[in-house]
Amino acid sequence: MKRIHKERDRLLRTLAKVSGLSGAVGSFLCLLVPGASTGLELLLSAVLSAGAIVFITLYSARGAIAPALGAVACSIGLISVLGAAPTIDPAAAAAMAVTASVTAASVAIPLIVRPDGPFIVLGLVAAVLIAVGVVAITGHSMQVVAISTLMGWAANATIGIWLDRSIATASDRIHEVGRAHEAERLASELESQQRQDARVLHDTVLATLSLLAHSGVGVGAGALRQQAGDDARLLKQLRLGAPLDRGSTAVFSPESDDDSLGVTFESVRQRFARMGLDVNWHGAGRLALPRDTLDALLGALGECLENVRRHSGVSAADVTVSDDERTVRAMVTDAGSGFEPASVDGARLGYSESVVGRLSMVGGRARIFSSPGSGTTVMLEVPKP
């Protein structure tokens, strides 16, 4: 809000500067018309016009009241000098009208939005009208100048108020849009966290429960206890609402602080070895990746190996890791029973969320190649930073 008010005041002062300088230059050009003023009047008018220009420039730069008062004082001085002549040429009268209604009145644009602005503006316009009235007392006709003064100050004050109200309305709408975007962001983050929690549940707790349902065939009691303990810690985190900020690393290597793929891949291999699946590793052993990309790759890799363990009918799988300048690839291959990829329900949480969903969140992708009796190969790809 403070920034908007600051920019509003800067805009109003700039508009006042343009208006005031235009009025000062315009009134002086009127005095250059032959017969409009004598040499002394022209000299004094030039000095007062220059003073008004200086004060208006200072006012637009700083916003202090003193320069605004100075600009109005110079304008009143110019009106008084021209009104002191025995006769007032029409061009001089036009200069007086422009000075009173444009040059002096320009300060009303930013002043009117101050808390005490209306009172200051009324005082200044009264001062200008008094000067016009003094000139009228000397016998000069000043009705046009007086009317121009009232109209000019009213118009400039109206411009300032209108701009202030318009900016306030725009500010309210900006805040409404900001609140809507914030609500949308929070909802998106909540949905993302819920999807991540669902992936973690599927990859760990549900896999362990499935293993227990089948009496832990091929898995030692110690391995089951260790896996159940890890799952219990994850369930506690989810119950307490704690963010799983370490993603898949919290699943495969909860105690490791090393971000290299070599260390974390080893923890994945050991985990599946405990559950009866031998994982043979080939290719690159240590590749640095950002945490979110690493988590996505390891989560998808773990789900692919879990599918091999549960569905392929074999006890071994191969993981080949390679990379180029742009992409890291992990290829999971087994010589199991295979299946027809088109027959897999796309709504299944395991592949659609834990593999495809994870990789898509970091700009990666997954491709699957399989046929009945010929084994399965899954290619996982994630971009390099």
# chains A, B, ... in the order shown; residues from 1 in each chain; ligands from 1

call {"tool": "residues_around", "arguments": {"residues": "Cys304 (chain A)", "least_positions_apart": "5", "cutoff": "12 Å", "atoms": "only C-alpha atoms", "output": "mmCIF file with C-alpha atoms, in the first residue's frame"}}
result
data_model
loop_
_atom_site.group_PDB
_atom_site.id
_atom_site.type_symbol
_atom_site.label_atom_id
_atom_site.label_comp_id
_atom_site.auth_asym_id
_atom_site.auth_seq_id
_atom_site.Cartn_x
_atom_site.Cartn_y
_atom_site.Cartn_z
ATOM 1 C CA ASP A 203 5.696 -46.800 -2.263
ATOM 2 C CA VAL A 268 17.929 -48.678 -2.870
ATOM 3 C CA PHE A 272 15.381 -54.513 -2.258
ATOM 4 C CA VAL A 279 19.515 -55.402 -8.281
ATOM 5 C CA LEU A 297 14.143 -40.207 -10.056
ATOM 6 C CA LEU A 298 14.671 -42.386 -6.990
ATOM 7 C CA GLY A 299 10.960 -42.559 -6.212
ATOM 8 C CA ARG A 309 9.581 -57.775 -7.241
ATOM 9 C CA ARG A 310 5.830 -58.196 -7.066
ATOM 10 C CA HIS A 311 4.776 -58.970 -10.636
ATOM 11 C CA SER A 312 7.660 -60.172 -12.816
ATOM 12 C CA ALA A 317 16.654 -56.857 -12.151
ATOM 13 C CA ASP A 318 19.190 -54.635 -13.895
ATOM 14 C CA VAL A 319 19.460 -50.874 -13.530
ATOM 15 C CA ALA A 330 17.903 -44.874 -15.541
ATOM 16 C CA MET A 331 16.797 -48.032 -17.375
ATOM 17 C CA VAL A 332 15.169 -50.790 -15.311
ATOM 18 C CA THR A 333 15.150 -54.203 -17.028
ATOM 19 C CA ASP A 334 13.921 -57.631 -15.981
ATOM 20 C CA GLY A 350 1.546 -47.075 -8.833
ATOM 21 C CA TYR A 351 2.571 -46.207 -12.365
ATOM 22 C CA SER A 352 0.548 -43.051 -13.037
ATOM 23 C CA GLU A 353 1.520 -41.264 -9.813
ATOM 24 C CA SER A 354 4.653 -42.871 -8.412
ATOM 25 C CA VAL A 355 6.413 -43.043 -11.791
ATOM 26 C CA VAL A 356 4.858 -40.762 -14.417
ATOM 27 C CA ALA A 366 8.919 -42.460 -18.401
ATOM 28 C CA ARG A 367 8.643 -44.954 -21.248
ATOM 29 C CA ILE A 368 7.756 -48.624 -20.865
ATOM 30 C CA THR A 376 9.998 -55.521 -19.223
ATOM 31 C CA THR A 377 12.153 -52.432 -19.701
ATOM 32 C CA VAL A 378 11.278 -49.015 -18.241
ATOM 33 C CA MET A 379 13.273 -45.936 -19.292
ATOM 34 C CA LEU A 380 13.274 -43.085 -16.752
#

call {"tool": "residues_around", "arguments": {"residues": "Leu11 (chain A)", "least_positions_apart": "5", "cutoff": "9 Å", "atoms": "only C-alpha atoms", "output": "MDAnalysis selection string"}}
result
chainID A and resid 6 16 110

call {"tool": "residues_around", "arguments": {"residues": "Gly152 (chain A)", "least_positions_apart": "4", "cutoff": "10 Å", "atoms": "only C-alpha atoms", "output": "list of chain:residue names"}}
result
A:Ala97, A:Val98, A:Thr99, A:Ala100, A:Ser101, A:Val102, A:Thr103, A:Ala104, A:Ala105, A:Ser106, A:Ala108, A:Val125, A:Ala146, A:Ile147, A:Ser148, A:Asn156, A:Ala157, A:Thr158

call {"tool": "write_last_selection", "arguments": {"atoms": "all heavy atoms", "output": "tab-separated table (two decimals), in the first residue's frame"}}
result
chain	number	residue	atom	x	y	z
A	97	ALA	N	-5.14	35.46	-16.89
A	97	ALA	CA	-6.08	34.35	-16.75
A	97	ALA	C	-5.36	33.00	-16.75
A	97	ALA	O	-5.65	32.11	-15.94
A	97	ALA	CB	-7.12	34.39	-17.87
A	98	VAL	N	-4.39	32.85	-17.66
A	98	VAL	CA	-3.63	31.59	-17.72
A	98	VAL	C	-2.81	31.40	-16.45
A	98	VAL	O	-2.74	30.29	-15.90
A	98	VAL	CB	-2.72	31.58	-18.97
A	98	VAL	CG1	-1.77	30.38	-18.93
A	98	VAL	CG2	-3.55	31.55	-20.24
A	99	THR	N	-2.22	32.47	-15.96
A	99	THR	CA	-1.43	32.37	-14.73
A	99	THR	C	-2.29	31.94	-13.55
A	99	THR	O	-1.90	31.06	-12.76
A	99	THR	CB	-0.76	33.72	-14.42
A	99	THR	OG1	0.10	34.08	-15.51
A	99	THR	CG2	0.04	33.65	-13.14
A	100	ALA	N	-3.46	32.57	-13.42
A	100	ALA	CA	-4.31	32.28	-12.27
A	100	ALA	C	-4.96	30.90	-12.35
A	100	ALA	O	-5.10	30.20	-11.34
A	100	ALA	CB	-5.39	33.35	-12.15
A	101	SER	N	-5.35	30.48	-13.56
A	101	SER	CA	-6.13	29.25	-13.70
A	101	SER	C	-5.29	28.02	-14.03
A	101	SER	O	-5.79	26.89	-13.87
A	101	SER	CB	-7.19	29.43	-14.80
A	101	SER	OG	-6.57	29.69	-16.06
A	102	VAL	N	-4.05	28.22	-14.49
A	102	VAL	CA	-3.22	27.06	-14.88
A	102	VAL	C	-1.95	27.01	-14.05
A	102	VAL	O	-1.70	26.03	-13.34
A	102	VAL	CB	-2.88	27.11	-16.39
A	102	VAL	CG1	-2.03	25.90	-16.76
A	102	VAL	CG2	-4.15	27.15	-17.22
A	103	THR	N	-1.13	28.06	-14.12
A	103	THR	CA	0.16	28.04	-13.43
A	103	THR	C	-0.03	27.87	-11.92
A	103	THR	O	0.53	26.94	-11.31
A	103	THR	CB	0.94	29.33	-13.70
A	103	THR	OG1	1.03	29.54	-15.12
A	103	THR	CG2	2.33	29.25	-13.11
A	104	ALA	N	-0.81	28.76	-11.31
A	104	ALA	CA	-1.02	28.68	-9.86
A	104	ALA	C	-1.87	27.47	-9.50
A	104	ALA	O	-1.61	26.78	-8.50
A	104	ALA	CB	-1.66	29.97	-9.36
A	105	ALA	N	-2.89	27.20	-10.29
A	105	ALA	CA	-3.83	26.12	-9.95
A	105	ALA	C	-3.23	24.73	-10.09
A	105	ALA	O	-3.79	23.76	-9.58
A	105	ALA	CB	-5.07	26.24	-10.83
A	106	SER	N	-2.10	24.60	-10.78
A	106	SER	CA	-1.51	23.28	-10.99
A	106	SER	C	-1.14	22.60	-9.67
A	106	SER	O	-1.17	21.37	-9.56
A	106	SER	CB	-0.28	23.38	-11.88
A	106	SER	OG	0.75	24.14	-11.25
A	108	ALA	N	-2.80	22.39	-7.11
A	108	ALA	CA	-3.97	21.76	-6.47
A	108	ALA	C	-4.06	20.27	-6.79
A	108	ALA	O	-4.69	19.52	-6.03
A	108	ALA	CB	-5.26	22.46	-6.93
A	125	VAL	N	-6.57	29.38	-3.38
A	125	VAL	CA	-7.45	29.96	-4.39
A	125	VAL	C	-8.05	31.27	-3.88
A	125	VAL	O	-8.26	32.22	-4.66
A	125	VAL	CB	-8.55	28.96	-4.81
A	125	VAL	CG1	-9.56	28.75	-3.70
A	125	VAL	CG2	-9.27	29.45	-6.06
A	146	ALA	N	-11.38	36.19	-13.06
A	146	ALA	CA	-11.92	35.58	-11.85
A	146	ALA	C	-12.62	34.25	-12.16
A	146	ALA	O	-12.44	33.25	-11.45
A	146	ALA	CB	-12.88	36.55	-11.18
A	147	ILE	N	-13.42	34.25	-13.24
A	147	ILE	CA	-14.11	33.02	-13.62
A	147	ILE	C	-13.11	31.94	-14.02
A	147	ILE	O	-13.24	30.76	-13.65
A	147	ILE	CB	-15.11	33.30	-14.76
A	147	ILE	CG1	-16.24	34.21	-14.26
A	147	ILE	CG2	-15.67	31.99	-15.30
A	147	ILE	CD1	-17.17	34.68	-15.35
A	148	SER	N	-12.08	32.35	-14.77
A	148	SER	CA	-11.04	31.40	-15.18
A	148	SER	C	-10.33	30.82	-13.96
A	148	SER	O	-10.01	29.62	-13.93
A	148	SER	CB	-10.03	32.08	-16.10
A	148	SER	OG	-10.64	32.55	-17.28
A	156	ASN	N	-8.42	21.41	-11.70
A	156	ASN	CA	-7.21	20.74	-11.23
A	156	ASN	C	-7.48	19.93	-9.96
A	156	ASN	O	-6.96	18.82	-9.80
A	156	ASN	CB	-6.11	21.77	-10.98
A	156	ASN	CG	-5.43	22.23	-12.25
A	156	ASN	OD1	-4.50	21.60	-12.74
A	156	ASN	ND2	-5.90	23.35	-12.81
A	157	ALA	N	-8.29	20.48	-9.05
A	157	ALA	CA	-8.63	19.73	-7.85
A	157	ALA	C	-9.42	18.47	-8.21
A	157	ALA	O	-9.21	17.40	-7.63
A	157	ALA	CB	-9.43	20.60	-6.88
A	158	THR	N	-10.33	18.60	-9.17
A	158	THR	CA	-11.12	17.44	-9.60
A	158	THR	C	-10.22	16.36	-10.22
A	158	THR	O	-10.42	15.16	-9.97
A	158	THR	CB	-12.19	17.88	-10.62
A	158	THR	OG1	-13.04	18.85	-10.01
A	158	THR	CG2	-13.01	16.69	-11.08

call {"tool": "closest_residue", "arguments": {"among": "A:Val54, A:Ala46, A:Val314, A:Ile167", "to": "Ile4 (chain A)", "atoms": "only C-alpha atoms"}}
result
A:Ile167

call {"tool": "residues_around", "arguments": {"residues": "Pro86 (chain A)", "least_positions_apart": "2", "cutoff": "12 Å", "atoms": "only C-alpha atoms", "output": "list in words"}}
result
Ser37, Thr38, Glu41, Val81, Leu82, Gly83, Ala84, Ile88, Asp89, Val135, Thr138, Gly139 and His140 of chain A

call {"tool": "write_last_selection", "arguments": {"atoms": "N, CA, C and O atoms", "output": "mmCIF file, in the first residue's frame"}}
result
data_model
loop_
_atom_site.group_PDB
_atom_site.id
_atom_site.type_symbol
_atom_site.label_atom_id
_atom_site.label_comp_id
_atom_site.auth_asym_id
_atom_site.auth_seq_id
_atom_site.Cartn_x
_atom_site.Cartn_y
_atom_site.Cartn_z
ATOM 1 N N SER A 37 2.631 44.495 -23.083
ATOM 2 C CA SER A 37 3.271 44.972 -21.865
ATOM 3 C C SER A 37 4.432 45.883 -22.234
ATOM 4 O O SER A 37 4.948 45.863 -23.360
ATOM 5 N N THR A 38 4.834 46.719 -21.269
ATOM 6 C CA THR A 38 5.994 47.582 -21.458
ATOM 7 C C THR A 38 7.257 46.795 -21.170
ATOM 8 O O THR A 38 7.211 45.641 -20.717
ATOM 9 N N GLU A 41 7.457 45.889 -17.400
ATOM 10 C CA GLU A 41 6.483 44.851 -17.076
ATOM 11 C C GLU A 41 6.940 43.489 -17.608
ATOM 12 O O GLU A 41 6.810 42.451 -16.935
ATOM 13 N N VAL A 81 1.623 42.720 -11.064
ATOM 14 C CA VAL A 81 2.438 43.561 -11.949
ATOM 15 C C VAL A 81 1.637 43.963 -13.184
ATOM 16 O O VAL A 81 1.622 45.132 -13.590
ATOM 17 N N LEU A 82 0.978 42.986 -13.794
ATOM 18 C CA LEU A 82 0.202 43.299 -14.992
ATOM 19 C C LEU A 82 -1.020 44.152 -14.665
ATOM 20 O O LEU A 82 -1.443 45.001 -15.465
ATOM 21 N N GLY A 83 -1.609 43.945 -13.484
ATOM 22 C CA GLY A 83 -2.785 44.724 -13.107
ATOM 23 C C GLY A 83 -2.478 46.141 -12.691
ATOM 24 O O GLY A 83 -3.380 46.987 -12.615
ATOM 25 N N ALA A 84 -1.208 46.443 -12.440
ATOM 26 C CA ALA A 84 -0.816 47.794 -12.034
ATOM 27 C C ALA A 84 -0.723 48.754 -13.213
ATOM 28 O O ALA A 84 -0.608 49.977 -13.013
ATOM 29 N N ILE A 88 -5.013 47.506 -19.508
ATOM 30 C CA ILE A 88 -4.630 46.087 -19.651
ATOM 31 C C ILE A 88 -4.990 45.628 -21.053
ATOM 32 O O ILE A 88 -6.162 45.642 -21.446
ATOM 33 N N ASP A 89 -3.976 45.303 -21.826
ATOM 34 C CA ASP A 89 -4.164 44.783 -23.182
ATOM 35 C C ASP A 89 -4.848 43.417 -23.118
ATOM 36 O O ASP A 89 -4.669 42.673 -22.155
ATOM 37 N N VAL A 135 -6.932 44.027 -8.192
ATOM 38 C CA VAL A 135 -6.757 44.620 -9.516
ATOM 39 C C VAL A 135 -8.089 45.175 -10.018
ATOM 40 O O VAL A 135 -8.151 46.251 -10.636
ATOM 41 N N THR A 138 -9.058 48.690 -8.945
ATOM 42 C CA THR A 138 -8.397 49.815 -9.628
ATOM 43 C C THR A 138 -9.145 50.243 -10.882
ATOM 44 O O THR A 138 -8.729 51.180 -11.560
ATOM 45 N N GLY A 139 -10.217 49.538 -11.221
ATOM 46 C CA GLY A 139 -11.026 49.950 -12.359
ATOM 47 C C GLY A 139 -10.927 49.042 -13.559
ATOM 48 O O GLY A 139 -11.584 49.279 -14.570
ATOM 49 N N HIS A 140 -10.131 47.994 -13.479
ATOM 50 C CA HIS A 140 -9.993 47.057 -14.602
ATOM 51 C C HIS A 140 -11.090 45.993 -14.538
ATOM 52 O O HIS A 140 -11.510 45.581 -13.455
#

call {"tool": "atom_distance", "arguments": {"atom1": "CA of Ala335 (chain A)", "atom2": "CA of Leu305 (chain A)"}}
result
12.6 Å

call {"tool": "closest_residue", "arguments": {"among": "A:Thr327, A:Ser360, A:Ser343, A:Thr320", "to": "Val382 (chain A)", "atoms": "only C-alpha atoms"}}
result
A:Thr327

call {"tool": "closest_residue", "arguments": {"among": "A:Val344, A:Ala66, A:Met96, A:Ala296", "to": "Ser141 (chain A)", "atoms": "only C-alpha atoms"}}
result
A:Met96

call {"tool": "residues_around", "arguments": {"residues": "Ala91 (chain A)", "least_positions_apart": "6", "cutoff": "12 Å", "atoms": "only C-alpha atoms", "output": "MDAnalysis selection string"}}
result
chainID A and resid 26:37 82 97:98

call {"tool": "write_last_selection", "arguments": {"atoms": "all heavy atoms", "output": "compact mmCIF listing (two decimals), in the first residue's frame"}}
result
# COMPACT_ATOMS: atom_id res chain seq x y z
N GLY A 26 3.02 29.54 -21.34
CA GLY A 26 1.93 30.09 -22.14
C GLY A 26 1.62 31.54 -21.78
O GLY A 26 1.40 32.38 -22.67
N SER A 27 1.60 31.85 -20.48
CA SER A 27 1.31 33.23 -20.07
C SER A 27 2.42 34.19 -20.52
O SER A 27 2.15 35.32 -20.95
CB SER A 27 1.14 33.31 -18.56
OG SER A 27 2.35 32.95 -17.90
N PHE A 28 3.67 33.75 -20.46
CA PHE A 28 4.77 34.63 -20.90
C PHE A 28 4.73 34.85 -22.40
O PHE A 28 5.03 35.95 -22.89
CB PHE A 28 6.11 34.02 -20.48
CG PHE A 28 7.28 34.92 -20.78
CD1 PHE A 28 7.50 36.06 -20.02
CD2 PHE A 28 8.16 34.63 -21.82
CE1 PHE A 28 8.59 36.89 -20.29
CE2 PHE A 28 9.22 35.47 -22.10
CZ PHE A 28 9.45 36.60 -21.33
N LEU A 29 4.33 33.80 -23.17
CA LEU A 29 4.21 33.98 -24.61
C LEU A 29 3.12 35.00 -24.95
O LEU A 29 3.25 35.76 -25.93
CB LEU A 29 3.89 32.64 -25.28
CG LEU A 29 5.03 31.59 -25.28
CD1 LEU A 29 4.55 30.29 -25.90
CD2 LEU A 29 6.25 32.13 -26.03
N CYS A 30 2.06 35.06 -24.13
CA CYS A 30 1.01 36.07 -24.34
C CYS A 30 1.58 37.48 -24.19
O CYS A 30 1.19 38.42 -24.90
CB CYS A 30 -0.14 35.86 -23.35
SG CYS A 30 -1.12 34.38 -23.66
N LEU A 31 2.53 37.64 -23.25
CA LEU A 31 3.11 38.96 -23.00
C LEU A 31 4.07 39.39 -24.10
O LEU A 31 4.44 40.56 -24.17
CB LEU A 31 3.85 38.96 -21.64
CG LEU A 31 2.95 38.73 -20.41
CD1 LEU A 31 3.80 38.68 -19.15
CD2 LEU A 31 1.90 39.82 -20.30
N LEU A 32 4.49 38.43 -24.93
CA LEU A 32 5.38 38.79 -26.03
C LEU A 32 4.63 39.38 -27.22
O LEU A 32 5.25 39.86 -28.18
CB LEU A 32 6.16 37.54 -26.49
CG LEU A 32 7.15 36.95 -25.46
CD1 LEU A 32 7.82 35.72 -26.04
CD2 LEU A 32 8.20 37.99 -25.06
N VAL A 33 3.31 39.33 -27.16
CA VAL A 33 2.50 39.95 -28.22
C VAL A 33 2.74 41.46 -28.19
O VAL A 33 2.71 42.09 -27.11
CB VAL A 33 1.01 39.64 -28.02
CG1 VAL A 33 0.17 40.38 -29.05
CG2 VAL A 33 0.78 38.14 -28.10
N PRO A 34 3.02 42.08 -29.33
CA PRO A 34 3.28 43.54 -29.35
C PRO A 34 2.17 44.33 -28.67
O PRO A 34 0.98 44.12 -28.95
CB PRO A 34 3.38 43.85 -30.84
CG PRO A 34 3.81 42.56 -31.47
CD PRO A 34 3.14 41.49 -30.68
N GLY A 35 2.56 45.20 -27.76
CA GLY A 35 1.62 46.06 -27.07
C GLY A 35 1.02 45.45 -25.83
O GLY A 35 0.26 46.11 -25.10
N ALA A 36 1.35 44.20 -25.54
CA ALA A 36 0.77 43.55 -24.37
C ALA A 36 1.36 44.08 -23.08
O ALA A 36 0.68 44.12 -22.04
CB ALA A 36 0.97 42.03 -24.44
N SER A 37 2.63 44.49 -23.08
CA SER A 37 3.27 44.97 -21.87
C SER A 37 4.43 45.88 -22.23
O SER A 37 4.95 45.86 -23.36
CB SER A 37 3.78 43.79 -21.03
OG SER A 37 4.74 43.03 -21.76
N LEU A 82 0.98 42.99 -13.79
CA LEU A 82 0.20 43.30 -14.99
C LEU A 82 -1.02 44.15 -14.66
O LEU A 82 -1.44 45.00 -15.47
CB LEU A 82 -0.24 42.00 -15.67
CG LEU A 82 0.89 41.10 -16.20
CD1 LEU A 82 0.32 39.82 -16.78
CD2 LEU A 82 1.72 41.83 -17.25
N ALA A 97 -5.14 35.46 -16.89
CA ALA A 97 -6.08 34.35 -16.75
C ALA A 97 -5.36 33.00 -16.75
O ALA A 97 -5.65 32.11 -15.94
CB ALA A 97 -7.12 34.39 -17.87
N VAL A 98 -4.39 32.85 -17.66
CA VAL A 98 -3.63 31.59 -17.72
C VAL A 98 -2.81 31.40 -16.45
O VAL A 98 -2.74 30.29 -15.90
CB VAL A 98 -2.72 31.58 -18.97
CG1 VAL A 98 -1.77 30.38 -18.93
CG2 VAL A 98 -3.55 31.55 -20.24
